[in-house]
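Trainee: Dropping in query.tsv, with TSV, C-alpha atoms.
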```tsv
chain	number	residue	atom	x	y	z
A	1	SER	CA	0.00	0.00	0.00
A	2	TYR	CA	1.05	3.61	-0.54
A	3	SER	CA	0.83	6.53	1.82
A	4	LEU	CA	-1.46	9.44	0.99
A	5	GLU	CA	1.60	11.68	0.86
A	6	TYR	CA	3.20	9.47	-1.81
A	7	ILE	CA	0.01	9.34	-3.89
A	8	LEU	CA	-0.35	13.10	-3.77
A	9	SER	CA	3.29	13.59	-4.76
A	10	CYS	CA	2.67	11.48	-7.89
A	11	ALA	CA	-0.62	13.14	-8.83
A	12	ASN	CA	-0.96	15.53	-11.71
A	13	ARG	CA	-0.24	18.96	-10.26
A	14	ASP	CA	-2.65	20.73	-12.65
A	15	GLU	CA	-5.49	18.46	-11.54
A	16	LEU	CA	-4.75	19.12	-7.87
A	17	ASP	CA	-4.77	22.84	-8.58
A	18	LEU	CA	-8.29	22.52	-10.01
A	19	TRP	CA	-9.49	21.07	-6.72
A	20	ASP	CA	-7.57	23.63	-4.67
A	21	ASN	CA	-9.19	26.45	-6.65
A	22	LEU	CA	-12.69	24.94	-6.70
A	23	LYS	CA	-15.46	27.44	-5.96
A	24	PHE	CA	-19.18	26.74	-5.78
A	25	GLY	CA	-20.43	29.78	-7.64
A	26	TYR	CA	-21.88	29.70	-11.14
A	27	THR	CA	-19.63	28.06	-13.69
A	28	ASP	CA	-19.27	29.08	-17.33
A	29	SER	CA	-22.59	28.21	-19.00
A	30	LYS	CA	-20.73	26.71	-21.97
A	31	GLY	CA	-18.66	24.53	-19.63
A	32	SER	CA	-15.50	25.59	-17.84
A	33	GLU	CA	-12.58	26.06	-20.22
A	34	PHE	CA	-10.39	23.40	-18.59
A	35	LEU	CA	-13.16	20.84	-19.15
A	36	ARG	CA	-13.76	21.87	-22.77
A	37	GLU	CA	-10.00	21.68	-23.41
A	38	SER	CA	-10.06	18.08	-22.18
A	39	ILE	CA	-13.09	17.27	-24.32
A	40	VAL	CA	-11.71	18.68	-27.58
A	41	SER	CA	-8.59	16.55	-27.19
A	42	GLN	CA	-10.85	13.68	-28.31
A	43	TYR	CA	-11.48	15.35	-31.70
A	44	LYS	CA	-9.30	16.33	-34.65
A	45	THR	CA	-10.89	19.56	-35.93
A	46	LEU	CA	-12.35	21.31	-32.88
A	47	ASP	CA	-11.28	23.92	-30.37
A	48	VAL	CA	-12.88	24.95	-27.08
A	49	ASN	CA	-15.33	27.25	-28.87
A	50	ASN	CA	-16.84	24.25	-30.68
A	51	VAL	CA	-18.09	22.54	-27.49
A	52	LEU	CA	-21.07	23.13	-25.22
A	53	VAL	CA	-21.33	21.07	-22.01
A	54	MET	CA	-24.61	19.94	-20.41
A	55	SER	CA	-26.42	16.72	-19.55
A	56	PRO	CA	-27.01	14.48	-22.61
A	57	GLY	CA	-30.81	14.48	-22.36
A	58	GLU	CA	-30.85	18.25	-21.97
A	59	ALA	CA	-28.65	18.59	-25.07
A	60	ASN	CA	-31.07	16.60	-27.22
A	61	PHE	CA	-34.07	18.56	-25.91
A	62	ILE	CA	-32.42	21.94	-26.46
A	63	LEU	CA	-31.16	21.13	-29.95
A	64	MET	CA	-34.57	20.02	-31.20
A	65	ASN	CA	-36.19	23.12	-29.73
A	66	THR	CA	-33.68	25.47	-31.37
A	67	VAL	CA	-33.47	24.01	-34.89
A	68	LEU	CA	-36.97	22.61	-35.58
A	69	ASN	CA	-40.30	24.20	-36.36
A	70	LYS	CA	-43.74	22.70	-36.81
A	71	ALA	CA	-44.04	20.58	-39.99
A	72	ASP	CA	-40.26	20.34	-40.53
A	73	GLU	CA	-39.28	16.99	-42.02
A	74	VAL	CA	-36.92	14.85	-39.93
A	75	ILE	CA	-35.39	11.49	-40.85
A	76	CYS	CA	-34.54	9.30	-37.88
A	77	MET	CA	-33.15	5.80	-37.54
A	78	TYR	CA	-35.59	3.23	-36.21
A	79	PRO	CA	-35.63	1.56	-33.74
A	80	SER	CA	-34.08	4.36	-31.77
A	81	TYR	CA	-33.65	5.91	-28.35
A	82	GLN	CA	-37.05	7.51	-27.81
A	83	SER	CA	-36.04	11.10	-27.16
A	84	LEU	CA	-34.20	11.24	-30.52
A	85	TYR	CA	-37.58	11.41	-32.23
A	86	GLN	CA	-40.20	12.06	-29.54
A	87	VAL	CA	-39.04	15.62	-28.84
A	88	ALA	CA	-39.30	16.36	-32.58
A	89	VAL	CA	-42.78	14.80	-32.67
A	90	SER	CA	-43.87	16.98	-29.74
A	91	LEU	CA	-42.77	20.04	-31.71
A	92	GLY	CA	-44.96	19.03	-34.64
A	93	ALA	CA	-42.20	17.77	-36.92
A	94	VAL	CA	-42.91	15.14	-39.57
A	95	ILE	CA	-40.86	12.00	-38.95
A	96	LYS	CA	-39.66	9.62	-41.67
A	97	TRP	CA	-38.05	6.37	-40.53
A	98	TRP	CA	-34.78	4.91	-41.78
A	99	LYS	CA	-35.34	1.27	-40.81
A	100	PHE	CA	-33.41	-1.98	-40.62
A	101	ASN	CA	-33.70	-3.97	-43.85
A	102	SER	CA	-34.18	-7.73	-44.22
A	103	HIS	CA	-30.43	-8.27	-43.67
A	104	GLN	CA	-30.64	-6.51	-40.30
A	105	ASN	CA	-28.61	-3.46	-41.22
A	106	TYR	CA	-29.07	0.08	-42.50
A	107	GLN	CA	-28.53	0.57	-46.23
A	108	VAL	CA	-27.45	3.96	-47.58
A	109	GLN	CA	-29.69	3.55	-50.63
A	110	ASP	CA	-32.70	3.15	-48.30
A	111	LEU	CA	-31.77	6.43	-46.64
A	112	GLU	CA	-31.40	8.16	-50.00
A	113	SER	CA	-34.93	7.13	-51.00
A	114	LEU	CA	-36.29	9.02	-47.98
A	115	LEU	CA	-34.53	12.32	-48.69
A	116	SER	CA	-36.26	15.26	-50.30
A	117	GLU	CA	-35.89	19.01	-50.60
A	118	LYS	CA	-38.16	19.24	-47.56
A	119	THR	CA	-35.82	17.28	-45.28
A	120	LYS	CA	-34.33	19.56	-42.65
A	121	LEU	CA	-32.67	17.22	-40.13
A	122	LEU	CA	-31.10	13.77	-40.27
A	123	VAL	CA	-30.78	12.02	-36.90
A	124	LEU	CA	-28.04	9.37	-36.74
A	125	ASN	CA	-26.86	7.12	-33.92
A	126	PHE	CA	-23.60	5.16	-34.34
A	127	PRO	CA	-22.80	2.80	-32.70
A	128	HIS	CA	-26.55	2.25	-32.79
A	129	ASN	CA	-28.74	1.85	-29.72
A	130	PRO	CA	-30.28	-0.73	-29.40
A	131	THR	CA	-28.82	-2.90	-32.19
A	132	GLY	CA	-25.11	-2.08	-32.02
A	133	PHE	CA	-25.00	-1.48	-35.79
A	134	LEU	CA	-21.92	0.41	-37.01
A	135	PRO	CA	-21.43	1.51	-40.63
A	136	SER	CA	-18.14	1.26	-42.47
A	137	THR	CA	-16.17	4.49	-42.92
A	138	ASP	CA	-17.04	4.33	-46.64
A	139	ASP	CA	-20.75	4.15	-45.89
A	140	LEU	CA	-20.44	6.95	-43.35
A	141	ASN	CA	-18.82	9.15	-46.01
A	142	LYS	CA	-21.66	8.26	-48.42
A	143	ILE	CA	-24.17	9.41	-45.82
A	144	ILE	CA	-22.29	12.68	-45.40
A	145	SER	CA	-22.18	13.17	-49.19
A	146	LEU	CA	-25.97	12.83	-49.28
A	147	ALA	CA	-26.28	15.36	-46.45
A	148	ARG	CA	-24.15	17.84	-48.41
A	149	LYS	CA	-26.22	17.26	-51.54
A	150	TYR	CA	-29.43	18.14	-49.71
A	151	ASN	CA	-27.82	20.71	-47.38
A	152	LEU	CA	-28.96	18.72	-44.35
A	153	LEU	CA	-28.13	19.34	-40.74
A	154	ILE	CA	-27.01	16.07	-39.14
A	155	PHE	CA	-27.64	15.42	-35.46
A	156	SER	CA	-25.34	12.54	-34.54
A	157	ASP	CA	-25.97	10.79	-31.23
A	158	GLU	CA	-22.51	9.38	-30.44
A	159	MET	CA	-23.08	8.35	-26.84
A	160	TYR	CA	-21.48	4.95	-27.60
A	161	HIS	CA	-18.58	6.47	-29.56
A	162	GLN	CA	-15.40	4.33	-29.46
A	163	LEU	CA	-17.25	1.55	-27.62
A	164	VAL	CA	-16.58	-1.16	-30.23
A	165	HIS	CA	-15.18	-4.69	-29.94
A	166	ASP	CA	-12.90	-4.38	-32.97
A	167	ALA	CA	-10.84	-1.18	-32.90
A	168	SER	CA	-10.21	-1.45	-36.65
A	169	ARG	CA	-13.92	-0.74	-37.22
A	170	GLN	CA	-13.85	2.52	-35.26
A	171	ILE	CA	-15.33	5.47	-37.14
A	172	PRO	CA	-14.60	9.18	-36.58
A	173	SER	CA	-17.00	11.59	-34.99
A	174	ILE	CA	-19.16	13.09	-37.71
A	175	CYS	CA	-18.29	16.61	-36.53
A	176	ASP	CA	-14.72	15.93	-37.68
A	177	LEU	CA	-16.01	15.02	-41.16
A	178	TYR	CA	-19.00	17.28	-41.85
A	179	GLU	CA	-19.22	20.98	-41.15
A	180	ASN	CA	-23.04	21.03	-40.92
A	181	SER	CA	-23.40	18.60	-38.04
A	182	VAL	CA	-24.07	18.63	-34.32
A	183	CYS	CA	-22.67	15.68	-32.37
A	184	LEU	CA	-23.56	14.42	-28.90
A	185	TRP	CA	-21.19	12.49	-26.66
A	186	GLY	CA	-20.86	12.16	-22.91
A	187	MET	CA	-19.75	10.20	-19.88
A	188	ALA	CA	-22.70	7.79	-19.55
A	189	LYS	CA	-21.96	4.96	-21.98
A	190	SER	CA	-18.39	4.98	-23.35
A	191	PHE	CA	-16.96	5.92	-19.95
A	192	GLY	CA	-19.47	4.12	-17.70
A	193	LEU	CA	-20.10	7.25	-15.62
A	194	ALA	CA	-23.81	7.93	-16.11
A	195	GLY	CA	-24.18	9.31	-12.60
A	196	LEU	CA	-22.02	12.32	-13.41
A	197	ARG	CA	-24.77	13.54	-15.81
A	198	PHE	CA	-22.22	15.13	-18.13
A	199	GLY	CA	-22.43	15.27	-21.89
A	200	TRP	CA	-21.55	17.74	-24.59
A	201	ILE	CA	-22.48	19.03	-27.99
A	202	ALA	CA	-19.62	19.35	-30.49
A	203	SER	CA	-20.13	21.33	-33.68
A	204	HIS	CA	-18.61	23.78	-36.15
A	205	ARG	CA	-22.00	25.55	-36.28
A	206	ALA	CA	-21.34	28.53	-34.01
A	207	ASP	CA	-24.86	29.86	-34.61
A	208	ILE	CA	-26.46	26.67	-33.29
A	209	LEU	CA	-24.15	26.53	-30.28
A	210	GLN	CA	-25.05	30.13	-29.38
A	211	LYS	CA	-28.79	29.43	-29.60
A	212	MET	CA	-28.40	26.32	-27.48
A	213	ALA	CA	-26.38	28.19	-24.86
A	214	SER	CA	-29.12	30.83	-24.63
A	215	PHE	CA	-31.83	28.17	-24.30
A	216	LYS	CA	-29.83	26.46	-21.57
A	217	ASP	CA	-30.24	29.61	-19.44
A	218	TYR	CA	-33.90	28.57	-18.97
A	219	LEU	CA	-32.97	25.05	-17.84
A	220	SER	CA	-29.83	24.09	-15.90
A	221	ILE	CA	-28.08	27.48	-16.49
A	222	CYS	CA	-24.64	25.96	-15.85
A	223	ASN	CA	-22.90	22.75	-14.83
A	224	ASN	CA	-22.01	21.74	-11.28
A	225	ALA	CA	-18.53	22.91	-10.37
A	226	ALA	CA	-17.23	19.79	-8.62
A	227	GLY	CA	-18.57	17.53	-11.36
A	228	GLU	CA	-16.61	19.48	-13.96
A	229	VAL	CA	-13.35	18.83	-12.11
```
Mind turning this structure into C-alpha cells?

Mentor:
Amino acid sequence: SYSLEYILSCANRDELDLWDNLKFGYTDSKGSEFLRESIVSQYKTLDVNNVLVMSPGEANFILMNTVLNKADEVICMYPSYQSLYQVAVSLGAVIKWWKFNSHQNYQVQDLESLLSEKTKLLVLNFPHNPTGFLPSTDDLNKIISLARKYNLLIFSDEMYHQLVHDASRQIPSICDLYENSVCLWGMAKSFGLAGLRFGWIASHRADILQKMASFKDYLSICNNAAGEV
C-alpha cells in the first residue's frame, strides 16, 4: 500500500490545482474552459469554442427546440432511443423512418430514397442503440455526401462512440467530417459514468451553439462545479 503523501506527490499537479481552486459559484454556461479543453482533445478539428457542455438528455431537448419548427421533415433511424424522435414529434415535426432492412442493417440507398428538398434534419446514432449497428467508414462518407447534396443538418448521437469490440472498425465523430453537423457524446456509456450527468455538444455551427447556450439559461443554467473537475 502507498501513503497518501506518496500518492499526492505522484498526482498531476494541474489536476490538484483545479481542486484547490474549486469554488461553488456559477460556472461558465458553456462549460469551464479546462473541461472543454479536455473534451476537444478527443477530436481532430475542434477547439474549445466548438463545445457546449450539459447533460445528454438536456442537449437533445435543447437542440430540437432550437433548430426545428412545426411541420419540418426529420429522418430518424428506427428503432431508436425515444427522445431522438419524440421531442421532434412533440414540436410538430414530420418523422420519416430509416429502418433496418431484411439483412438486419441500415442501407445507404434506403436512406437516399427518404430524402427530399423538404428534409431539414437527419438524426443518426452510431454505434446504434439498441442494435449495435456500425457503418463502415465508406458508408459513413456516403451518408455525409448525401447530407451535403441536400444541405442537411445532421444530429449525430454518439453516446457509444469508441465503444466497439474491434478497434479497426472505429469510425470518426461526424463533426470531424462534416461541417453542418451537431454531435452528442458524454460520460454515460463509453466511460461508464452515467451518474455524473455530463455530456456535450460538439459542432462547427457557431450559430447553433449560441442558440443552445441561450436556451440552456432557462434550464440548468450551468454545470455543477465539482462535477466538472

Trainee: Counting only C-alpha atoms, which of A:Met77, A:Val67, A:Ala226, A:Val108 gets nearest to Ser181 in chain A?

Mentor: A:Val67

Trainee: Set the distance at 10 Å and use only C-alpha atoms: which residues neighbour Leu134 in chain A once local chain neighbours fewer than 6 positions away are removed? I'd like the list as a PyMOL selection string.

Mentor: chain A and resi 105-106+125-128+140+164+169-171

Trainee: Within 12 Å of (-15.5, 14.2, -35.4), in the coordinates the file gives, what residues turn up when you count all atoms listed in the file, written out as a ChimeraX atom specification?

Mentor: /A:39-47,50-51,140,156-158,161-162,170-185,201-204

Trainee: Counting only C-alpha atoms, which of A:Leu52, A:Leu115, A:Ala167, A:Leu124 gets nearest to Arg148 in chain A?

Mentor: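 Under the stated criterion, the closest residue is A:Leu115.
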
Trainee: Select, from A:Asn151, A:Ser80, A:Gln210, A:Asn141, the residue with the minimum atom-to-atom distance to Thr119 in chain A, counting all atoms listed in the file.

Mentor: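 Counting all atoms listed in the file, the residue closest to Thr119 in chain A is A:Asn151.
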
Trainee: Extract, using all atoms listed in the file, all DNA, RNA and protein residues at most 7 Å from Ala71 in chain A, discarding same-chain residues fewer than 3 positions from it, and format them as number ranges by chain.

Mentor: A: 92-94

Trainee: To one decimal place in Å, what is the distance between CA of Pro135 in chain A and CA of Val48 in chain A?

Mentor: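 We find that CA of Pro135 in chain A and CA of Val48 in chain A lie 28.4 Å from each other.
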
Trainee: Mind giving me the straight-line distance from CA of Ser190 in chain A to CA of Asp166 in chain A in Å, one decimal?

Mentor: 14.5 Å

Trainee: Between A:Gly25, A:Gly192, A:Pro130, A:Gly57, which residue has the minimum interatomic distance to Ala225 in chain A, considering only C-alpha atoms?

Mentor: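 Of A:Gly25, A:Gly192, A:Pro130, A:Gly57, the one nearest Ala225 in chain A is A:Gly25, counting only C-alpha atoms.
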
Trainee: State, in Å with one decimal place, the distance from CA of Val87 in chain A to CA of Phe61 in chain A.

Mentor: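 Pair CA of Val87 in chain A / CA of Phe61 in chain A returns 6.5 Å.
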
Trainee: Go through A:Leu122, A:Pro56, A:Lys216, A:Ser136 and flag the residue nearest Lys189 in chain A, using all atoms listed in the file for the distances.

Mentor: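 Residue with the minimum atom-to-atom distance to Lys189 in chain A: A:Pro56.
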
Trainee: Write out as a CSV table (one decimal) with C-alpha atoms, in the frame of the given file the residues lying within 9 Å of Arg197 in chain A, counting all atoms listed in the file and excluding same-chain residues fewer than 6 positions away.

Mentor:
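And here is the file that came out, result.csv:
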```csv
chain,number,residue,atom,x,y,z
A,54,MET,CA,-24.6,19.9,-20.4
A,55,SER,CA,-26.4,16.7,-19.6
A,56,PRO,CA,-27.0,14.5,-22.6
A,57,GLY,CA,-30.8,14.5,-22.4
A,186,GLY,CA,-20.9,12.2,-22.9
A,187,MET,CA,-19.8,10.2,-19.9
A,188,ALA,CA,-22.7,7.8,-19.6
A,227,GLY,CA,-18.6,17.5,-11.4
```
